[in-house]
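K.L.:
Supplied in structure tokens, the structure appears directly below.
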Amino acid sequence: MMKNRDTRLTIFLLIPVLLVLVAYVLYPSLRTLIESLHKDGVWTFSHYSDFFTQESKTNLEALWNSVYISLLSVLFSALIGIPLAFIFNRYDFPGRSFFASAAIMPIVLPSLVGVMAFMFLYGETGLIPNAIKDLFGLDDVPFKIGGVSGILIVHAYTMYVYFYMTVSSAIHKIDPSLEEAAYNLGASRFKVFWRVTFPLLTPAIVAASLLVFMISMASFSAPFLLAGGYRVLSLQIYFSKINGDMEVAATQSVILSIVSISFLLFMRWYQNRKDYRMASKGIGAHRSEVSNPIMKWSLVVTGIIGVIILLLPHLTILLLSLVPDGTWTWQTYPTVFNGENYRLLFEDPNVFKPLKNSLILSVVATAGNFVFGVIASYVLVKRKFVGKSFVDILVMIPWALPATVIGMNLIFAFNEPTIFSFGQILVGTFWILPLAYFIRHIPLVVRSTNAVLEQLDDSIEEASRSLGAKWFYTFRKVILPLIMPGVLAGTLLSFVESVGEFPTSVLLYTLSNRPISIEIMNQLRMFNMGQAAAYGMIQIALIALVLFISHKFFGVKAEKSLS
Amino acid sequence: NSEKEVVTETAKEEKPTLEEKVVVYSPHGKDILSKFEQQFEEKYQIDVEWLDMGSQEILDRIRSEKNNPQADVWWGAPSVNFDQAKDEGLLKPYAPSYSSSLAEGFHDPEWHWSGTSQTPEVIMYNTKELSKEEAPKDWDELLDSKWKDEIIIRYPLASGTMRTIFSAMIYRDFKDSNDPAAGYDWLTKLDANTKEYAANPEMMYNKVAKGEGALSVWAMPDVVMLKENKNYPFEFIIPESGTPVLTEGIAIVNDSPHPKAAEAFYEFVNTPEAAKILAEEFYRIPTRDDIDGLPAWITETEIKAMDIDWKVFQENSDTWMKHWDENIKSGEKEIKE
Amino acid sequence: MASISMDEVQKAFGKVIAVDHLNLDIQDGEFFTFLGPSGCGKTTTLRMIAGFYYPTKGVVRFGEKDMTRVPPEKRNTGMVFQNYALFPHMTVFENVAFGLRVRKVSKAELKERVRDVLQKVRLDPYAERQVSQLSGGQQQRVALARALVIEPEILLLDEPLSNLDAKLRDEMRSEILRLQKEYNITTIYVTHDQAEALSMSDRIAVFNVGVCHQIGTPSDIYNEPANDFVARFIGDINLWPVTIQHVQQDFLLVHIQNGEDITELTVKNTTLPDEGDQEKKLALSIRPESITVSSQERDGVNMIKGTIEEVHFFGSTIHLVVRDGELTYKVNTLNNGGATSFQVGSDAWIELPSEQMRVIPIVSGDSS
Amino acid sequence: MASISMDEVQKAFGKVIAVDHLNLDIQDGEFFTFLGPSGCGKTTTLRMIAGFYYPTKGVVRFGEKDMTRVPPEKRNTGMVFQNYALFPHMTVFENVAFGLRVRKVSKAELKERVRDVLQKVRLDPYAERQVSQLSGGQQQRVALARALVIEPEILLLDEPLSNLDAKLRDEMRSEILRLQKEYNITTIYVTHDQAEALSMSDRIAVFNVGVCHQIGTPSDIYNEPANDFVARFIGDINLWPVTIQHVQQDFLLVHIQNGEDITELTVKNTTLPDEGDQEKKLALSIRPESITVSSQERDGVNMIKGTIEEVHFFGSTIHLVVRDGELTYKVNTLNNGGATSFQVGSDAWIELPSEQMRVIPIVSGDSS
Ligand SMILES: Nc1ncnc2c1ncn2[C@@H]1O[C@H](COP(=O)(O)OP(=O)(O)OP(=O)(O)O)[C@@H](O)[C@H]1O
Ligand SMILES: Nc1ncnc2c1ncn2[C@@H]1O[C@H](COP(=O)(O)OP(=O)(O)OP(=O)(O)O)[C@@H](O)[C@H]1O
Ligand SMILES: [Fe+3]
Ligand SMILES: [Mg+2]
Ligand SMILES: [Mg+2]
């Protein structure tokens, strides 16, 4: 292709994207790769051959389990997230906006405390099974979670949010007349959903599937806490690392990444077979008024009940935070409630420091994610260039690798001066954490932005440019507002994730930027379940506040482009 | 930390020899650390900054900060961790003023670390479920089939305590036979009785407390602490045949930014007064043999320490644990639907 | 059983009333056309029939059955959307096959029918294309094919041919008519092409800003417009405010103000408006093509001499504007060689045949 | 400096060649129309001029400047997209104001100009609506207003009036023409309405499947079509395969096969095709409105007696089909009272004026 302004623009946009990716994703990852190819100081594939020929097959078993759990996690998350997105975006009922926001609360759950809340709720001695047992006078608890089912429940619970958010933002972009056309051709409600709406959501669903698949592959807390010894690859990596086999850990990480990337390539292929740009003539945003009241209200009731169930773990944390330490040990139900934990917490003059740190870190990292994500996504979706798949893979790697591996990569890469860190040693400084958050959450914003961008009719951009708007102006005034819901979905997710981020934080935090998740972890380590829960509540409140504010201030704008 | 401004003002005149602050990495938790921070700052007028995190994490972190160390003192970790760090050249040797009061096993021969407290591993049981008489008295009694599905064990790979216990079980035979087979066999039987491997201590406590299981094995100070401070229905039994006793220690980080202050802190946390506080308030059994007036639960408990060559532990425990993980841990237990 | 009736239907969007007081009765198998200016409520009405909007007031019936709140998928209507609404994730073939798939038509028959209809809309070579790779007109034809292939009871066509060239439009028109007659499909057609409306429809409804002004056969509408809006909207027309001077057995004597002067004309009596309408202002109407024009002097009733002010060449016809004093007359004549003798500025004699003129009430506010 | 020239331009989408060997020279200030059947490459050509597609081969110039690869925002073109491409997140006002905002027009002027153009497209009451709340035609007018308001050097209109009613279309047409003349805007217009094309354009290019068949003034195109495709595409026409029997000074003697018989006609000589084309098959063409018809017996050259087979009523005109043996003649005549005497089955005498007939080469494969 000849050089022209458009290719130049592509290159101009691509360069910063590539720079960031190479510096902070590729370069550190290569170090892992290199590590995995070393044994006793010589280059070799022996770690890989060991992986597959190992006698006890534990690695293969773990690999298989990981894939299996991840696929099921995708399935279950989709089964919760997509219907909820529908109910809360397609039907209007009192309190809709509250429930719609509340539905993303699971992601707010601090990972360890969250999983423990689950155990308190649904474990063998959990509140719900025992309550049912006592209520109906059963001999045994009717159910309990644990093992694979436990992992899956926790995964579905925390990860459906990815589906919920991406699908929510994409639903609004669907031209309602397409669904109308399908109804008109005689398709039943289900058919319309299955044959038209659902396929049109493909970009969003692909995005969410990728995010969920990869995060389950790399998921740590849930298998660690719930499965006892159930073998998954992410745990194997952790144990290899604990056992000091860094090279084996690296090998396992590389294999995990390869599986995730294969999934990515498969999804890309699947999505690219078809076209999702809604290019009908004119703006067909006649809101369909079709509704069957019984159906509607039953859906709505389901949705509301769903959200209440989704909020139970938060309520459990609230409960835990109100129970003073040592008063709920062997008892089935707690008996004493007071603000003791909060009092202890607030007696510490530094209680707000981690909060402030978390906020600053997250804001800095998320701002970076926003800018980078939008540009990268635009380049990936709307521009042509060779090596797109490669860039796409780079974008997803931070999600495919377990967080601890990312943390280790960063340590390897930046505990010596490099050009990418402007000749500074980053490890041990304030900036390493926001950088880590930024890298971790690149895929979130890029993917969720991709999802809406894929649906955008190109002629809108063309119209703007033919009216004389420069690319950047067009981007700011036309494209960005249109894709805002998707961008915001991703940004919000990445912000929320940053606030709660633990696995890389624990490797990289310093005295000056110690975030709230570390604080919670430390309380837990000291068996202060109550104070940890109280801290968790503060974190939840903080995130809820941010959600509320962003809803108030950005929501208005985003909504407008939705109508 | 926050007091920095206040502290730095006065620090200059009083103790000009110390640096302006000392950075401590420790798993001891906020309660202990705040207490000692406050006392140290009062005495030396310099700032104490601490990061509390798991001992494994400290090791990782000191390793990753090798090129520009941030920490001065590493306070609290089983001696094996220190040995490992020592081998990697992460620690600076320092013989404290009280070195004479430390027994042979309580410090590194080259003084790269020294012990501050000892942690015997014990059998823990739920007092609501079992009486003292019913409870097993020794390791081998755990294998009795009546405890089937009554034992809840912290998943051992990620836990120093559990690794120590499991390794010790193997070591009992290994030290003579040089073959872990008998130990593996023992662990297989334990596995058969084990109801569940809890992923973290909190879950384990919770499950034992609520009676999902009645027994566990764990570190004694923690059990005491849970019982005394948190009202858990726990009691412990020191196995008659002897139990591994971990030494927790303190060390100074190589190339630490504040070496003088580090030494001061090193000394400070193992003064007799400090050791007494630790014992009384935080259930830590001191290593120093020159401390009087210790609480009854220490003086009255007879601890029969297993004779352990920690070097052997350090060399083999990874292999043993790996073997356990891959070959012993029962497959059914992991998938509890 | 596919007659449609709408009874006092109103549709409001917030404060905007898109359709008001609409009463329609469309017979089974009828070809019915909605005609009206942009934004007058045609699409809205169609969408109420298809079931995408519920009327704010009023009732929609198919046959005897109240369909007002029946969901669209239960109505067995086929619709061509004004914006096509093609499924972007499907190929042309899949788009067209969608309705048949839903109806569980067998694989073989489905293939057959889709191929068939694609052939009819001249798109058989494009069956496997993604719709985004089609031109505007091709997309429109996919939309048409998709609605036709299911042979619905009711066909709702919202400007289905607006982006096609004249030839193709002709072909599609006959295809629609053929299908409509063959399967006796009640068809509602929205178009802006009056010739199309007049030539295809059994009956036509003329709308303006949410109100239906006249319903009737094409020649009713064309030759006997109910009021000046309809007259003006359908085809070109000459309209002058008029006062009735004298009512005779067969003829009316009417006066048109021509500046200071008055032009007196005789008009056939049959067209006198109803009593009620006589209160309103009246206008005299005559179609431009009903006026005969000659460059030679002629004589007769309603014969007026003027000068040619404008000449427009329109392919087969020529449109003239002839001025007499303050009055201008629009005149259309065939472009048959001789017509070239009409030159701007030259004299022309025009005749307004008395049986071609109508006196009708004025309803529009302005008189542009 | 807004003349446009395209030099051997080709555009391929994968294997599909949408435009091929295109050579165009559009003068500064010219009103140029693209005409052609659906899918023939009009939009593609327009998009190459606007800069949304880069030609696969060939060069696009504005004036002397090679613009082939200049990005769209540097071209100062205003475009009405076939699918409107309105900004869904903006109100009508904001949509229209967009181009002016980009041009940093002062607040007051911007408001003024937007109001002004909205008035012209009759949308001033809708300024604050979201575009999704508009009817199809209203949206189209927003698209038009948005392109017009910036008074670009080049205006590209892709079927800008297809969804408007005749009256509004008339008004919009004059508005476009007025603007175009006033600011001397080079305008390229795509339409399917031939009357529109013929009446508005300075010149017309007729396309078929990617190839341009003829470029010329409206009367060139209409009266002297280059070949049977153009002839057939523009307006109705009678076309018969023909053989030239005899070439005289002024007249050709031609034969048309009429079943077993032969119909002999004399045609004015001026229309004999070029040498090159004589190799090809030839056809005789005459417009239906050029044929005069009478229900009374008449006499003369090229006078044919037939029977009326079909009568179609088209408002101001009547279309007849007259049969003589195997040959049918399409004849258009004015609906002026007397025309009603044409009845199916009755005799008719038609005359084919020799100066209205043309002999042209046949290029299309089929002869439908
Ligand atoms: N992206 C594409 N990929 C493949 N073929 C295409 C693509 N875009 C257009 N075409 C084909 O190119 C040809 C020309 O398309 P174009 O849109 O220029 O037609 P058009 O003359 O504007 O037709 P219409 O009047 O129907 O709008 C069509 O046959 C169309 O199917
Ligand atoms: N969702 C809406 N909200 C507010 N007003 C609307 C909405 N939809 C349509 N309207 C208004 O209702 C009126 C009728 O719209 P409708 O689409 O029925 O017009 P139409 O007759 O189909 O016009 P066109 O020929 O331009 O398509 C228009 O003035 C339009 O602006
Ligand atoms: Fe401090
Ligand atoms: Mg409409
Ligand atoms: Mg087109």
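Here's how to read the names in the structure tokens: chain A, B, ... by the order shown, residue numbers from 1 in each chain, ligand numbers from 1 in the order shown.
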Could you please tell me, as a ChimeraX atom specification, which residues of chain B have an atom within 8 Å of chain A when using only C-alpha atoms?
P.N.:
/B:2,29-30,49-54,56-57,60-61,64-65,67-68,70,155,157-158,196-200,202-203,206-207,209-212,229-233,318,326-327,329,333-337
K.L.:
Can I get the residues close to ligand 5 as a list in words, where close means within 8 Å and we count only C-alpha atoms and all ligand atoms?
P.N.:
Ser135, Gly136 and Gly137 of chain C; Ser38, Gly39, Gly41, Lys42, Thr43, Thr44, Gln82, Asp158, Glu159 and Val190 of chain D
K.L.:
Since we have the selection now, will you write its residues out, keeping all heavy atoms, as a PDB file, in the first residue's frame?
P.N.:
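This went into result.pdb:
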ATOM      1  N   SER C 135     -24.978  -2.379  -2.590  1.00  0.00           N
ATOM      2  CA  SER C 135     -25.309  -0.979  -2.806  1.00  0.00           C
ATOM      3  C   SER C 135     -26.662  -0.694  -2.171  1.00  0.00           C
ATOM      4  O   SER C 135     -27.387  -1.612  -1.776  1.00  0.00           O
ATOM      5  CB  SER C 135     -25.370  -0.688  -4.293  1.00  0.00           C
ATOM      6  OG  SER C 135     -26.586  -1.145  -4.832  1.00  0.00           O
ATOM      7  N   GLY C 136     -26.988   0.599  -2.066  1.00  0.00           N
ATOM      8  CA  GLY C 136     -28.235   0.996  -1.430  1.00  0.00           C
ATOM      9  C   GLY C 136     -29.453   0.324  -2.027  1.00  0.00           C
ATOM     10  O   GLY C 136     -30.303  -0.224  -1.321  1.00  0.00           O
ATOM     11  N   GLY C 137     -29.531   0.345  -3.326  1.00  0.00           N
ATOM     12  CA  GLY C 137     -30.689  -0.237  -3.986  1.00  0.00           C
ATOM     13  C   GLY C 137     -30.744  -1.747  -3.812  1.00  0.00           C
ATOM     14  O   GLY C 137     -31.822  -2.329  -3.677  1.00  0.00           O
TER      15      GLY C 137
ATOM     16  N   SER D  38     -29.530   0.249 -10.254  1.00  0.00           N
ATOM     17  CA  SER D  38     -29.063  -0.083  -8.908  1.00  0.00           C
ATOM     18  C   SER D  38     -27.825  -0.977  -8.958  1.00  0.00           C
ATOM     19  O   SER D  38     -27.796  -1.958  -9.681  1.00  0.00           O
ATOM     20  CB  SER D  38     -30.194  -0.795  -8.166  1.00  0.00           C
ATOM     21  OG  SER D  38     -29.752  -1.277  -6.936  1.00  0.00           O
ATOM     22  N   GLY D  39     -26.798  -0.606  -8.202  1.00  0.00           N
ATOM     23  CA  GLY D  39     -25.603  -1.430  -8.116  1.00  0.00           C
ATOM     24  C   GLY D  39     -24.608  -1.200  -9.235  1.00  0.00           C
ATOM     25  O   GLY D  39     -23.676  -1.973  -9.406  1.00  0.00           O
ATOM     26  N   GLY D  41     -22.466   1.301  -9.558  1.00  0.00           N
ATOM     27  CA  GLY D  41     -21.204   1.925  -9.171  1.00  0.00           C
ATOM     28  C   GLY D  41     -21.267   3.423  -8.929  1.00  0.00           C
ATOM     29  O   GLY D  41     -20.236   4.073  -8.807  1.00  0.00           O
ATOM     30  N   LYS D  42     -22.445   3.957  -8.819  1.00  0.00           N
ATOM     31  CA  LYS D  42     -22.569   5.402  -8.620  1.00  0.00           C
ATOM     32  C   LYS D  42     -22.027   5.816  -7.263  1.00  0.00           C
ATOM     33  O   LYS D  42     -21.193   6.724  -7.153  1.00  0.00           O
ATOM     34  CB  LYS D  42     -24.052   5.824  -8.721  1.00  0.00           C
ATOM     35  CG  LYS D  42     -24.733   5.397 -10.001  1.00  0.00           C
ATOM     36  CD  LYS D  42     -26.184   5.807 -10.031  1.00  0.00           C
ATOM     37  CE  LYS D  42     -27.036   5.143  -8.968  1.00  0.00           C
ATOM     38  NZ  LYS D  42     -27.214   3.704  -9.136  1.00  0.00           N
ATOM     39  N   THR D  43     -22.501   5.130  -6.235  1.00  0.00           N
ATOM     40  CA  THR D  43     -22.048   5.480  -4.889  1.00  0.00           C
ATOM     41  C   THR D  43     -20.545   5.280  -4.770  1.00  0.00           C
ATOM     42  O   THR D  43     -19.835   6.112  -4.188  1.00  0.00           O
ATOM     43  CB  THR D  43     -22.783   4.631  -3.844  1.00  0.00           C
ATOM     44  OG1 THR D  43     -24.183   4.871  -3.966  1.00  0.00           O
ATOM     45  CG2 THR D  43     -22.339   4.958  -2.441  1.00  0.00           C
ATOM     46  N   THR D  44     -20.064   4.223  -5.338  1.00  0.00           N
ATOM     47  CA  THR D  44     -18.631   3.954  -5.279  1.00  0.00           C
ATOM     48  C   THR D  44     -17.837   5.106  -5.890  1.00  0.00           C
ATOM     49  O   THR D  44     -16.836   5.558  -5.322  1.00  0.00           O
ATOM     50  CB  THR D  44     -18.327   2.639  -6.015  1.00  0.00           C
ATOM     51  OG1 THR D  44     -19.182   1.620  -5.494  1.00  0.00           O
ATOM     52  CG2 THR D  44     -16.887   2.230  -5.840  1.00  0.00           C
ATOM     53  N   GLN D  82     -26.083   8.141   1.048  1.00  0.00           N
ATOM     54  CA  GLN D  82     -27.280   7.409   0.687  1.00  0.00           C
ATOM     55  C   GLN D  82     -28.002   6.921   1.953  1.00  0.00           C
ATOM     56  O   GLN D  82     -29.219   6.878   1.986  1.00  0.00           O
ATOM     57  CB  GLN D  82     -26.891   6.211  -0.194  1.00  0.00           C
ATOM     58  CG  GLN D  82     -28.055   5.650  -0.966  1.00  0.00           C
ATOM     59  CD  GLN D  82     -27.615   4.648  -2.015  1.00  0.00           C
ATOM     60  OE1 GLN D  82     -26.442   4.293  -2.113  1.00  0.00           O
ATOM     61  NE2 GLN D  82     -28.547   4.197  -2.823  1.00  0.00           N
ATOM     62  N   ASP D 158     -25.979  11.860  -2.856  1.00  0.00           N
ATOM     63  CA  ASP D 158     -26.304  10.490  -3.227  1.00  0.00           C
ATOM     64  C   ASP D 158     -27.784  10.239  -2.948  1.00  0.00           C
ATOM     65  O   ASP D 158     -28.175   9.955  -1.827  1.00  0.00           O
ATOM     66  CB  ASP D 158     -25.431   9.527  -2.417  1.00  0.00           C
ATOM     67  CG  ASP D 158     -25.357   8.155  -3.069  1.00  0.00           C
ATOM     68  OD1 ASP D 158     -26.152   7.893  -3.992  1.00  0.00           O
ATOM     69  OD2 ASP D 158     -24.500   7.354  -2.651  1.00  0.00           O
ATOM     70  N   GLU D 159     -28.575  10.372  -3.980  1.00  0.00           N
ATOM     71  CA  GLU D 159     -30.024  10.224  -3.859  1.00  0.00           C
ATOM     72  C   GLU D 159     -30.564  11.009  -2.669  1.00  0.00           C
ATOM     73  O   GLU D 159     -31.188  10.463  -1.763  1.00  0.00           O
ATOM     74  CB  GLU D 159     -30.392   8.734  -3.732  1.00  0.00           C
ATOM     75  CG  GLU D 159     -29.761   7.932  -4.835  1.00  0.00           C
ATOM     76  CD  GLU D 159     -30.261   6.498  -4.864  1.00  0.00           C
ATOM     77  OE1 GLU D 159     -31.344   6.222  -4.338  1.00  0.00           O
ATOM     78  OE2 GLU D 159     -29.558   5.663  -5.454  1.00  0.00           O
ATOM     79  N   VAL D 190     -26.630  12.042  -7.592  1.00  0.00           N
ATOM     80  CA  VAL D 190     -27.050  10.698  -7.961  1.00  0.00           C
ATOM     81  C   VAL D 190     -28.540  10.616  -7.756  1.00  0.00           C
ATOM     82  O   VAL D 190     -29.049  11.024  -6.708  1.00  0.00           O
ATOM     83  CB  VAL D 190     -26.363   9.636  -7.088  1.00  0.00           C
ATOM     84  CG1 VAL D 190     -26.913   8.254  -7.400  1.00  0.00           C
ATOM     85  CG2 VAL D 190     -24.870   9.663  -7.288  1.00  0.00           C
TER      86      VAL D 190
END
K.L.:
Enumerate, as number ranges by chain, the complete set of residues in range 15-239 of chain D that a backbone-based DSSP assignment places in strand (DSSP E).
P.N.:
D: 16-26, 31-35, 57-62, 65-66, 77-80, 154-158, 186-190, 203-208, 211-216, 238-239
K.L.:
What are the closest atom pairs, with distances in Å to one decimal, for each residue of chain A lying within 12 Å of ligand 1, using only C-alpha atoms and all ligand atoms, rows by chain and rising residue number, as a tab-separated table?
P.N.:
residue	atom	partner	partner_atom_place_in_ligand_line	distance
A:Asp275	CA	ligand 1	1 (N)	11.2
A:Lys281	CA	ligand 1	27 (O)	11.5
A:Asp458	CA	ligand 1	1 (N)	11.5
K.L.:
Residues of the last selection are to be written out with all heavy atoms, as a compact mmCIF listing (two decimals), in the first residue's frame.
P.N.:
# COMPACT_ATOMS: atom_id res chain seq x y z
N ASP A 275 -20.31 -9.72 9.90
CA ASP A 275 -20.27 -8.28 9.98
C ASP A 275 -21.28 -7.84 11.02
O ASP A 275 -22.39 -8.35 11.04
CB ASP A 275 -20.65 -7.72 8.61
CG ASP A 275 -20.02 -6.37 8.40
OD1 ASP A 275 -19.88 -5.66 9.40
OD2 ASP A 275 -19.67 -6.05 7.26
N LYS A 281 -30.29 2.40 6.91
CA LYS A 281 -30.41 3.76 6.41
C LYS A 281 -31.05 4.62 7.47
O LYS A 281 -32.09 4.28 8.01
CB LYS A 281 -31.29 3.68 5.17
CG LYS A 281 -31.43 4.94 4.43
CD LYS A 281 -32.10 4.61 3.13
CE LYS A 281 -32.99 5.71 2.68
NZ LYS A 281 -33.66 5.36 1.45
N ASP A 458 -19.31 2.71 9.79
CA ASP A 458 -18.19 3.56 9.37
C ASP A 458 -18.62 4.88 8.77
O ASP A 458 -17.90 5.86 8.82
CB ASP A 458 -17.33 2.82 8.33
CG ASP A 458 -16.70 1.58 8.91
OD1 ASP A 458 -16.73 1.45 10.14
OD2 ASP A 458 -16.18 0.77 8.14
K.L.:
Which residues are near ligand 2 - at most 8 Å, using only C-alpha atoms and all ligand atoms? Format: as a ChimeraX atom specification.
P.N.:
/A:285-287 /C:12-19,36-46,82,158,191-192,209-210 /D:126,129,132-140,163-165
K.L.:
Save out the residues we just selected, C-alpha atoms, as an mmCIF file, in the first residue's frame.
P.N.:
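Dumped everything to again06.cif:
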data_model
loop_
_atom_site.group_PDB
_atom_site.id
_atom_site.type_symbol
_atom_site.label_atom_id
_atom_site.label_comp_id
_atom_site.auth_asym_id
_atom_site.auth_seq_id
_atom_site.Cartn_x
_atom_site.Cartn_y
_atom_site.Cartn_z
ATOM 1 C CA ALA A 285 -34.046 4.258 16.879
ATOM 2 C CA HIS A 286 -37.753 3.893 17.188
ATOM 3 C CA ARG A 287 -37.948 2.402 20.636
ATOM 4 C CA ALA C 12 -48.663 10.594 20.452
ATOM 5 C CA PHE C 13 -44.932 10.715 21.119
ATOM 6 C CA GLY C 14 -44.778 12.766 24.239
ATOM 7 C CA LYS C 15 -46.336 16.014 23.141
ATOM 8 C CA VAL C 16 -46.004 15.329 19.427
ATOM 9 C CA ILE C 17 -49.174 13.889 17.982
ATOM 10 C CA ALA C 18 -48.056 11.885 14.967
ATOM 11 C CA VAL C 19 -51.447 10.463 14.010
ATOM 12 C CA GLY C 36 -48.640 12.369 2.196
ATOM 13 C CA PRO C 37 -45.794 14.750 2.774
ATOM 14 C CA SER C 38 -42.718 13.828 4.747
ATOM 15 C CA GLY C 39 -43.415 13.507 8.442
ATOM 16 C CA CYS C 40 -47.176 13.247 8.102
ATOM 17 C CA GLY C 41 -47.496 9.979 10.013
ATOM 18 C CA LYS C 42 -47.419 7.285 7.353
ATOM 19 C CA THR C 43 -44.695 5.216 8.935
ATOM 20 C CA THR C 44 -46.271 5.643 12.334
ATOM 21 C CA THR C 45 -49.579 4.293 11.055
ATOM 22 C CA LEU C 46 -47.865 1.394 9.376
ATOM 23 C CA GLN C 82 -38.127 2.460 5.499
ATOM 24 C CA ASP C 158 -42.733 1.604 3.542
ATOM 25 C CA THR C 191 -44.761 5.941 -1.490
ATOM 26 C CA HIS C 192 -43.839 9.417 -2.508
ATOM 27 C CA VAL C 209 -49.613 16.276 9.643
ATOM 28 C CA GLY C 210 -51.256 13.331 11.318
ATOM 29 C CA TYR D 126 -37.433 20.289 14.670
ATOM 30 C CA ARG D 129 -35.137 17.053 18.320
ATOM 31 C CA SER D 132 -33.893 9.393 16.115
ATOM 32 C CA GLN D 133 -37.214 11.119 16.643
ATOM 33 C CA LEU D 134 -37.571 12.134 13.038
ATOM 34 C CA SER D 135 -39.358 10.456 10.174
ATOM 35 C CA GLY D 136 -37.365 9.034 7.289
ATOM 36 C CA GLY D 137 -37.850 12.044 5.067
ATOM 37 C CA GLN D 138 -37.028 14.419 7.866
ATOM 38 C CA GLN D 139 -33.780 12.601 8.491
ATOM 39 C CA GLN D 140 -32.940 12.825 4.845
ATOM 40 C CA ASN D 163 -37.567 9.774 0.475
ATOM 41 C CA LEU D 164 -39.316 13.063 -0.026
ATOM 42 C CA ASP D 165 -42.710 13.712 -1.490
#
K.L.:
Taking only C-alpha atoms into account, which of A:Leu493, A:Ile540, A:Leu185, A:Leu310 comes nearest chain C?
P.N.:
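Using only C-alpha atoms, chain C sits closest to A:Leu185.
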K.L.:
Report as a PyMOL selection string all protein, DNA and RNA residues lying within 10 Å of Ala279 in chain B, evaluated on only C-alpha atoms, omitting residues in the same chain fewer than 2 positions from it.
P.N.:
chain B and resi 117+221+273-277+281-286+294-295+297-298
K.L.:
Would you put the residues from that selection into a file with C-alpha atoms, as a short mmCIF file (atom, residue, chain, number, x, y, z; two decimals), in the first residue's frame?
P.N.:
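The resulting file, part39.cif, is shown below:
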data_model
loop_
_atom_site.label_atom_id
_atom_site.label_comp_id
_atom_site.auth_asym_id
_atom_site.auth_seq_id
_atom_site.Cartn_x
_atom_site.Cartn_y
_atom_site.Cartn_z
CA SER B 117 10.80 -16.91 69.39
CA PRO B 221 1.09 -19.71 69.70
CA GLU B 273 11.39 -6.63 78.32
CA ALA B 274 10.42 -7.00 74.72
CA ALA B 275 10.49 -10.77 74.89
CA LYS B 276 8.26 -10.64 77.89
CA ILE B 277 5.76 -8.43 76.18
CA GLU B 281 0.56 -10.26 75.01
CA PHE B 282 1.25 -12.10 71.83
CA TYR B 283 1.85 -15.66 72.92
CA ARG B 284 5.35 -15.97 71.60
CA ILE B 285 7.76 -18.27 73.35
CA PRO B 286 11.13 -16.56 73.63
CA LEU B 294 7.08 -15.85 81.76
CA PRO B 295 3.39 -16.70 81.69
CA TRP B 297 1.19 -21.50 79.63
CA ILE B 298 4.82 -21.42 78.67
#
K.L.:
Using only C-alpha atoms, select each residue of chain C with any atom at most 9 Å away from an atom of chain A, and give the selection as a PyMOL selection string.
P.N.:
chain C and resi 50-54+69-91+98-103+130-132+136+146-147+150+152
K.L.:
To one decimal place, how far is CA of Ala469 in chain A from CA of Val446 in chain A in Å?
P.N.:
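If I compute the distance from CA of Ala469 in chain A to CA of Val446 in chain A, I get 24.7 Å.
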K.L.:
Of the candidates C:Arg61, C:His21, C:Asn258, C:Arg287, which shows the shortest atom-to-atom distance to Arg323 in chain C, using only C-alpha atoms?
P.N.:
C:Asn258
K.L.:
Could you pull out all residues of range 331-429 of chain A with a DSSP call of alpha helix (DSSP H) and give them as a PyMOL selection string?
P.N.:
chain A and resi 340-347+352-382+388-400+403-414
